[in-house]
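Participant: Sharing target01.cif here; it has mmCIF, C-alpha atoms.
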```
data_final
#
loop_
_atom_site.label_atom_id
_atom_site.label_comp_id
_atom_site.auth_asym_id
_atom_site.auth_seq_id
_atom_site.Cartn_x
_atom_site.Cartn_y
_atom_site.Cartn_z
CA MET A 1 0.00 0.00 0.00
CA LYS A 2 1.22 3.51 -0.79
CA LYS A 3 2.47 5.39 2.24
CA ARG A 4 0.55 8.61 2.75
CA GLU A 5 2.61 11.74 2.95
CA LYS A 6 1.90 14.33 5.58
CA PRO A 7 -0.23 17.15 4.10
CA LEU A 8 0.97 20.73 4.38
CA SER A 9 -0.63 23.38 6.55
CA PRO A 10 -1.33 26.87 5.17
CA ARG A 11 1.41 28.22 7.47
CA LYS A 12 3.98 25.81 6.01
CA ILE A 13 2.85 26.75 2.49
CA ALA A 14 3.23 30.44 3.38
CA GLU A 15 6.84 29.70 4.42
CA TYR A 16 7.55 27.84 1.16
CA CYS A 17 6.01 30.62 -0.95
CA GLN A 18 7.31 33.50 1.18
CA VAL A 19 3.84 35.02 1.42
CA ASN A 20 1.47 35.92 4.23
CA PHE A 21 -0.54 33.09 5.77
CA LYS A 22 -3.77 34.93 4.83
CA THR A 23 -2.73 34.90 1.17
CA VAL A 24 -2.63 31.10 1.27
CA LEU A 25 -6.08 31.00 2.89
CA ARG A 26 -7.39 33.26 0.10
CA TRP A 27 -5.92 30.95 -2.58
CA ILE A 28 -7.75 28.06 -0.90
CA SER A 29 -11.07 29.89 -0.47
CA ASP A 30 -10.94 31.15 -4.08
CA GLY A 31 -10.47 27.55 -5.26
CA GLN A 32 -7.07 28.25 -6.81
CA LEU A 33 -5.21 25.94 -4.43
CA LYS A 34 -6.81 22.53 -3.90
CA ALA A 35 -7.15 21.68 -0.20
CA HIS A 36 -9.18 19.52 2.15
CA GLN A 37 -10.68 20.67 5.39
CA LEU A 38 -10.14 18.89 8.70
CA PRO A 39 -13.05 18.41 11.12
CA GLY A 40 -11.84 21.37 13.20
CA GLY A 41 -11.93 23.67 10.16
CA SER A 42 -8.18 23.77 9.41
CA ASN A 43 -7.05 23.28 5.82
CA ARG A 44 -4.41 20.87 4.55
CA VAL A 45 -2.84 20.63 1.09
CA ILE A 46 -1.22 17.61 -0.50
CA ARG A 47 2.32 18.28 -1.69
CA LYS A 48 1.62 17.44 -5.35
CA ASP A 49 -1.35 19.86 -5.36
CA LEU A 50 0.90 22.65 -4.10
CA ILE A 51 3.49 21.85 -6.77
CA ASN A 52 0.77 21.87 -9.46
CA PHE A 53 -0.52 25.23 -8.15
CA LEU A 54 2.95 26.80 -8.12
CA THR A 55 3.67 25.51 -11.62
CA GLU A 56 0.31 26.68 -12.99
CA PHE A 57 0.83 30.20 -11.66
CA LYS A 58 4.49 30.28 -12.74
CA MET A 59 5.75 30.60 -9.17
CA PRO A 60 9.11 29.11 -8.13
CA VAL A 61 8.91 25.59 -6.74
CA PRO A 62 11.34 25.19 -3.81
CA ASP A 63 13.90 22.42 -4.33
CA ASP A 64 13.18 20.74 -1.00
CA LEU A 65 9.48 20.57 -1.92
CA VAL A 66 10.24 18.71 -5.17
CA ASN A 67 13.06 16.61 -3.74
CA SER A 68 10.73 15.22 -1.10
CA LEU A 69 8.80 13.40 -3.82
CA CYS A 70 9.78 9.93 -4.89
CA LYS A 71 12.06 10.15 -7.95
CA ILE A 72 11.37 7.57 -10.66
CA MET A 73 13.48 7.22 -13.79
CA ILE A 74 11.83 6.00 -16.99
CA ILE A 75 14.26 4.26 -19.36
CA ASP A 76 12.46 3.52 -22.61
CA ASP A 77 13.40 4.26 -26.21
CA GLU A 78 9.74 4.43 -27.34
CA PRO A 79 8.61 8.06 -26.84
CA ASN A 80 4.91 7.17 -26.80
CA VAL A 81 5.37 4.60 -24.02
CA ALA A 82 7.61 6.96 -22.03
CA GLU A 83 4.94 9.69 -22.31
CA VAL A 84 2.19 7.36 -21.06
CA MET A 85 4.36 6.41 -18.08
CA ARG A 86 5.25 10.07 -17.47
CA ASP A 87 1.58 11.10 -17.47
CA ALA A 88 0.69 8.31 -15.02
CA LEU A 89 3.55 9.32 -12.70
CA MET A 90 2.56 12.99 -12.81
CA GLU A 91 -1.06 12.15 -12.03
CA ALA A 92 0.01 9.98 -9.08
CA GLY A 93 2.29 12.73 -7.72
CA TYR A 94 5.69 11.19 -8.45
CA ASP A 95 8.75 13.10 -9.58
CA TYR A 96 10.20 11.58 -12.74
CA GLU A 97 12.96 11.75 -15.31
CA ILE A 98 12.97 10.21 -18.79
CA CYS A 99 16.00 8.69 -20.52
CA THR A 100 15.47 7.48 -24.07
CA ASP A 101 18.79 5.73 -24.59
CA SER A 102 20.86 3.39 -22.46
CA PHE A 103 24.05 5.48 -22.61
CA GLU A 104 22.27 8.56 -21.23
CA ALA A 105 20.58 6.37 -18.61
CA GLY A 106 23.89 4.95 -17.44
CA MET A 107 25.21 8.43 -16.68
CA ARG A 108 21.99 9.75 -15.12
CA ILE A 109 21.37 6.78 -12.81
CA VAL A 110 24.47 7.61 -10.78
CA THR A 111 23.87 11.37 -10.61
CA ALA A 112 20.06 11.37 -10.16
CA HIS A 113 19.96 8.28 -7.93
CA PRO A 114 16.22 7.58 -8.37
CA ARG A 115 14.35 5.37 -5.89
CA LEU A 116 12.94 3.34 -8.77
CA ILE A 117 13.78 2.69 -12.42
CA LEU A 118 11.06 1.75 -14.93
CA LEU A 119 13.13 -0.16 -17.47
CA ASP A 120 12.40 -1.42 -20.97
CA LEU A 121 14.52 -4.45 -21.85
CA ASN A 122 14.66 -3.89 -25.60
CA MET A 123 16.98 -0.88 -25.79
CA PRO A 124 19.51 -0.03 -28.51
CA ASN A 125 23.25 -0.28 -27.74
CA VAL A 126 23.04 -1.68 -24.18
CA ASP A 127 20.05 -3.89 -23.45
CA GLY A 128 18.02 -3.76 -20.27
CA TYR A 129 19.64 -6.89 -18.85
CA GLU A 130 23.03 -5.16 -18.91
CA ILE A 131 21.57 -2.05 -17.21
CA VAL A 132 20.09 -4.25 -14.45
CA LYS A 133 23.44 -5.96 -13.97
CA LYS A 134 25.37 -2.67 -13.71
CA VAL A 135 22.86 -1.07 -11.31
CA LYS A 136 22.65 -4.07 -8.99
CA GLU A 137 26.41 -4.78 -8.97
CA THR A 138 27.52 -1.19 -8.27
CA SER A 139 27.64 -0.23 -4.58
CA GLU A 140 26.46 3.37 -5.26
CA THR A 141 23.31 2.18 -7.05
CA ASP A 142 22.49 -1.30 -5.71
CA ASP A 143 19.73 0.13 -3.46
CA ILE A 144 17.78 1.46 -6.47
CA LYS A 145 14.69 -0.62 -7.18
CA ILE A 146 14.06 -1.77 -10.75
CA LEU A 147 10.67 -2.51 -12.30
CA VAL A 148 11.09 -4.00 -15.76
CA VAL A 149 8.28 -2.87 -18.09
CA SER A 150 8.59 -4.77 -21.34
CA GLY A 151 6.67 -6.65 -23.98
CA HIS A 152 9.63 -8.97 -24.53
CA ILE A 153 9.99 -10.96 -21.30
CA THR A 154 10.39 -14.66 -22.03
CA ASP A 155 10.33 -17.36 -19.34
CA GLU A 156 14.11 -17.57 -19.61
CA GLY A 157 14.30 -13.78 -19.37
CA ARG A 158 12.12 -13.75 -16.23
CA LYS A 159 14.45 -16.23 -14.56
CA ARG A 160 17.50 -14.21 -15.60
CA LEU A 161 15.95 -10.99 -14.25
CA GLU A 162 14.95 -12.59 -10.94
CA ASP A 163 18.49 -13.95 -10.53
CA SER A 164 19.97 -10.50 -11.24
CA GLY A 165 17.92 -8.82 -8.50
CA VAL A 166 15.08 -7.11 -10.38
CA ASP A 167 12.39 -5.96 -7.94
CA GLY A 168 9.38 -6.39 -10.24
CA MET A 169 8.18 -7.04 -13.79
CA LEU A 170 5.25 -5.69 -15.78
CA ASP A 171 4.24 -6.79 -19.28
CA LYS A 172 3.45 -4.30 -22.04
CA PRO A 173 0.86 -3.29 -22.97
CA PHE A 174 -0.40 -2.09 -19.58
CA ASP A 175 -3.01 0.35 -18.30
CA THR A 176 -1.98 3.22 -16.04
CA GLU A 177 -3.75 1.79 -12.96
CA THR A 178 -1.78 -1.44 -13.33
CA LEU A 179 1.44 0.56 -13.76
CA ILE A 180 0.87 2.65 -10.62
CA SER A 181 -0.09 -0.48 -8.63
CA ALA A 182 3.11 -2.20 -9.76
CA ILE A 183 5.16 0.88 -8.82
CA GLU A 184 3.58 1.09 -5.35
CA ARG A 185 4.07 -2.64 -4.77
CA THR A 186 7.72 -2.42 -5.83
CA LEU A 187 8.44 0.63 -3.67
CA ASP A 188 6.76 -0.95 -0.63
CA GLU A 189 8.84 -4.14 -0.77
#
```
What do you get writing this file as structure tokens?

Facilitator:
Amino acid sequence: MKKREKPLSPRKIAEYCQVNFKTVLRWISDGQLKAHQLPGGSNRVIRKDLINFLTEFKMPVPDDLVNSLCKIMIIDDEPNVAEVMRDALMEAGYDYEICTDSFEAGMRIVTAHPRLILLDLNMPNVDGYEIVKKVKETSETDDIKILVVSGHITDEGRKRLEDSGVDGMLDKPFDTETLISAIERTLDE
């Protein structure tokens, strides 16, 4: 099950945005900033809703606000599939990065250090099996979870992936609900 993040109070949002507390309450009452009301009447805002609000109104998004989200790296050379995964991640409130080739991914994995990689096996140059091997055998990256998302997983391939330490597998094609469920299951393990 997905762990619930602690919602933000209007005072905390005012600190992030460097505005008066009453300004935040006005954004909420005007319906500009999505919030829910507690039984006592106080408002709370989910982090992703604040980020969406700041982005929509072209306000700066503080780094620590974004960095608190779970970073997921999509490694897939099919732009349409990467976009579907990106849209699902955005909707679910995850931070993401897309790499469309294995060379770029190899460099970014170390510097971005995502919590989870969504990996297509059928990549040009270096295939997904090699990426799994490098991630899981390198001490700086061996804690990164890998969810293989591919339409090319044979029985032999499944065994090979399990032996190499892959944390989950999902067959293409998939629907976004199945993708998010697989991500949550993989992150919770």

Participant: Run the PyMOL selection byres ((chain A and resi 53) around 12) against the file shown and list the residues it catches, as an MDAnalysis selection string.

Facilitator: chainID A and resid 13 17 24 27:28 31:35 45:52 54:61

Participant: Can you write just those residues out, C-alpha atoms, as a PDB file, in the coordinates of the input?

Facilitator:
```pdb
ATOM      1  CA  ILE A  13       2.850  26.750   2.490  1.00  0.00           C
ATOM      2  CA  CYS A  17       6.010  30.620  -0.950  1.00  0.00           C
ATOM      3  CA  VAL A  24      -2.630  31.100   1.270  1.00  0.00           C
ATOM      4  CA  TRP A  27      -5.920  30.950  -2.580  1.00  0.00           C
ATOM      5  CA  ILE A  28      -7.750  28.060  -0.900  1.00  0.00           C
ATOM      6  CA  GLY A  31     -10.470  27.550  -5.260  1.00  0.00           C
ATOM      7  CA  GLN A  32      -7.070  28.250  -6.810  1.00  0.00           C
ATOM      8  CA  LEU A  33      -5.210  25.940  -4.430  1.00  0.00           C
ATOM      9  CA  LYS A  34      -6.810  22.530  -3.900  1.00  0.00           C
ATOM     10  CA  ALA A  35      -7.150  21.680  -0.200  1.00  0.00           C
ATOM     11  CA  VAL A  45      -2.840  20.630   1.090  1.00  0.00           C
ATOM     12  CA  ILE A  46      -1.220  17.610  -0.500  1.00  0.00           C
ATOM     13  CA  ARG A  47       2.320  18.280  -1.690  1.00  0.00           C
ATOM     14  CA  LYS A  48       1.620  17.440  -5.350  1.00  0.00           C
ATOM     15  CA  ASP A  49      -1.350  19.860  -5.360  1.00  0.00           C
ATOM     16  CA  LEU A  50       0.900  22.650  -4.100  1.00  0.00           C
ATOM     17  CA  ILE A  51       3.490  21.850  -6.770  1.00  0.00           C
ATOM     18  CA  ASN A  52       0.770  21.870  -9.460  1.00  0.00           C
ATOM     19  CA  LEU A  54       2.950  26.800  -8.120  1.00  0.00           C
ATOM     20  CA  THR A  55       3.670  25.510 -11.620  1.00  0.00           C
ATOM     21  CA  GLU A  56       0.310  26.680 -12.990  1.00  0.00           C
ATOM     22  CA  PHE A  57       0.830  30.200 -11.660  1.00  0.00           C
ATOM     23  CA  LYS A  58       4.490  30.280 -12.740  1.00  0.00           C
ATOM     24  CA  MET A  59       5.750  30.600  -9.170  1.00  0.00           C
ATOM     25  CA  PRO A  60       9.110  29.110  -8.130  1.00  0.00           C
ATOM     26  CA  VAL A  61       8.910  25.590  -6.740  1.00  0.00           C
TER      27      VAL A  61
END
```

Participant: CA of Leu170 (chain A) to CA of Val149 (chain A): how many Å, to one decimal?

Facilitator: 4.7 Å

Participant: Pull out every residue that the PyMOL selection byres ((chain A and resi 44) around 6) matches in the shown coordinates and put them as a PDB file with C-alpha atoms, keeping the file's coordinate frame.

Facilitator:
```pdb
ATOM      1  CA  PRO A   7      -0.230  17.150   4.100  1.00  0.00           C
ATOM      2  CA  LEU A   8       0.970  20.730   4.380  1.00  0.00           C
ATOM      3  CA  SER A   9      -0.630  23.380   6.550  1.00  0.00           C
ATOM      4  CA  ALA A  35      -7.150  21.680  -0.200  1.00  0.00           C
ATOM      5  CA  HIS A  36      -9.180  19.520   2.150  1.00  0.00           C
ATOM      6  CA  ASN A  43      -7.050  23.280   5.820  1.00  0.00           C
ATOM      7  CA  VAL A  45      -2.840  20.630   1.090  1.00  0.00           C
TER       8      VAL A  45
END
```

Participant: Give me the residues near Ser164 (chain A) as a PyMOL selection string, where near means some atom within 9 Å (using all atoms listed in the file) and where sequence neighbours in that chain fewer than 6 positions away do not count.

Facilitator: chain A and resi 129+132-133+136-137

Participant: Would you translate the PyMOL selection byres ((chain A and resi 98-113) around 10) into the concrete set of residues it matches in this file, as a ChimeraX atom specification?

Facilitator: /A:71-79,82-83,85-86,96-97,114-120,123-128,130-131,134-135,138,140-141,143-144

Participant: Need to verify the contact set: region 88-90 of chain A, 8 Å, only C-alpha atoms, exclusion of same-chain residues closer than 6 positions in sequence. Can you return it as an mmCIF file with C-alpha atoms, in the coordinates of the input?

Facilitator:
```cif
data_model
loop_
_atom_site.group_PDB
_atom_site.id
_atom_site.type_symbol
_atom_site.label_atom_id
_atom_site.label_comp_id
_atom_site.auth_asym_id
_atom_site.auth_seq_id
_atom_site.Cartn_x
_atom_site.Cartn_y
_atom_site.Cartn_z
ATOM 1 C CA TYR A 96 10.200 11.580 -12.740
ATOM 2 C CA THR A 176 -1.980 3.220 -16.040
ATOM 3 C CA LEU A 179 1.440 0.560 -13.760
ATOM 4 C CA ILE A 180 0.870 2.650 -10.620
#
```

Participant: Grab the CA of Ile146 (chain A) to CA of Asp167 (chain A) distance for me, in Å with one decimal place.

Facilitator: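 For CA of Ile146 (chain A) relative to CA of Asp167 (chain A), the distance reads 5.3 Å.
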
Participant: So which one's closest to Ile153 (chain A), A:Val84, A:Leu121, A:Ala92, A:Ile183? Using only C-alpha atoms, please.

Facilitator: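 Closest to Ile153 (chain A), using only C-alpha atoms: A:Leu121.
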
Participant: Hey, can you check how far CA of Pro62 (chain A) sits from CA of Leu38 (chain A)?

Facilitator: 25.6 Å

Participant: Find the spatial neighbours of Ala182 (chain A), counting all atoms listed in the file, within a cut-off of 9 Å - ignore same-chain residues fewer than 5 positions away - and output them as an MDAnalysis selection string.

Facilitator: chainID A and resid 147 168:170 177 187

Participant: Identify, on the basis of only C-alpha atoms, every residue whose closest approach to Phe21 (chain A) does not exceed 7 Å; exclude the query and any residue fewer than 4 positions from it along the same chain; express the result as an NGL selection string.

Facilitator: :A and (10-11 or 14 or 25)

Participant: For a quick check of understanding, using all atoms listed in the file, which of A:Val81, A:Pro173, A:Asn122, A:Thr186 has the smallest distance to Gly157 (chain A)?

Facilitator: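 Of A:Val81, A:Pro173, A:Asn122, A:Thr186, the one nearest Gly157 (chain A), counting all atoms listed in the file, is A:Asn122.
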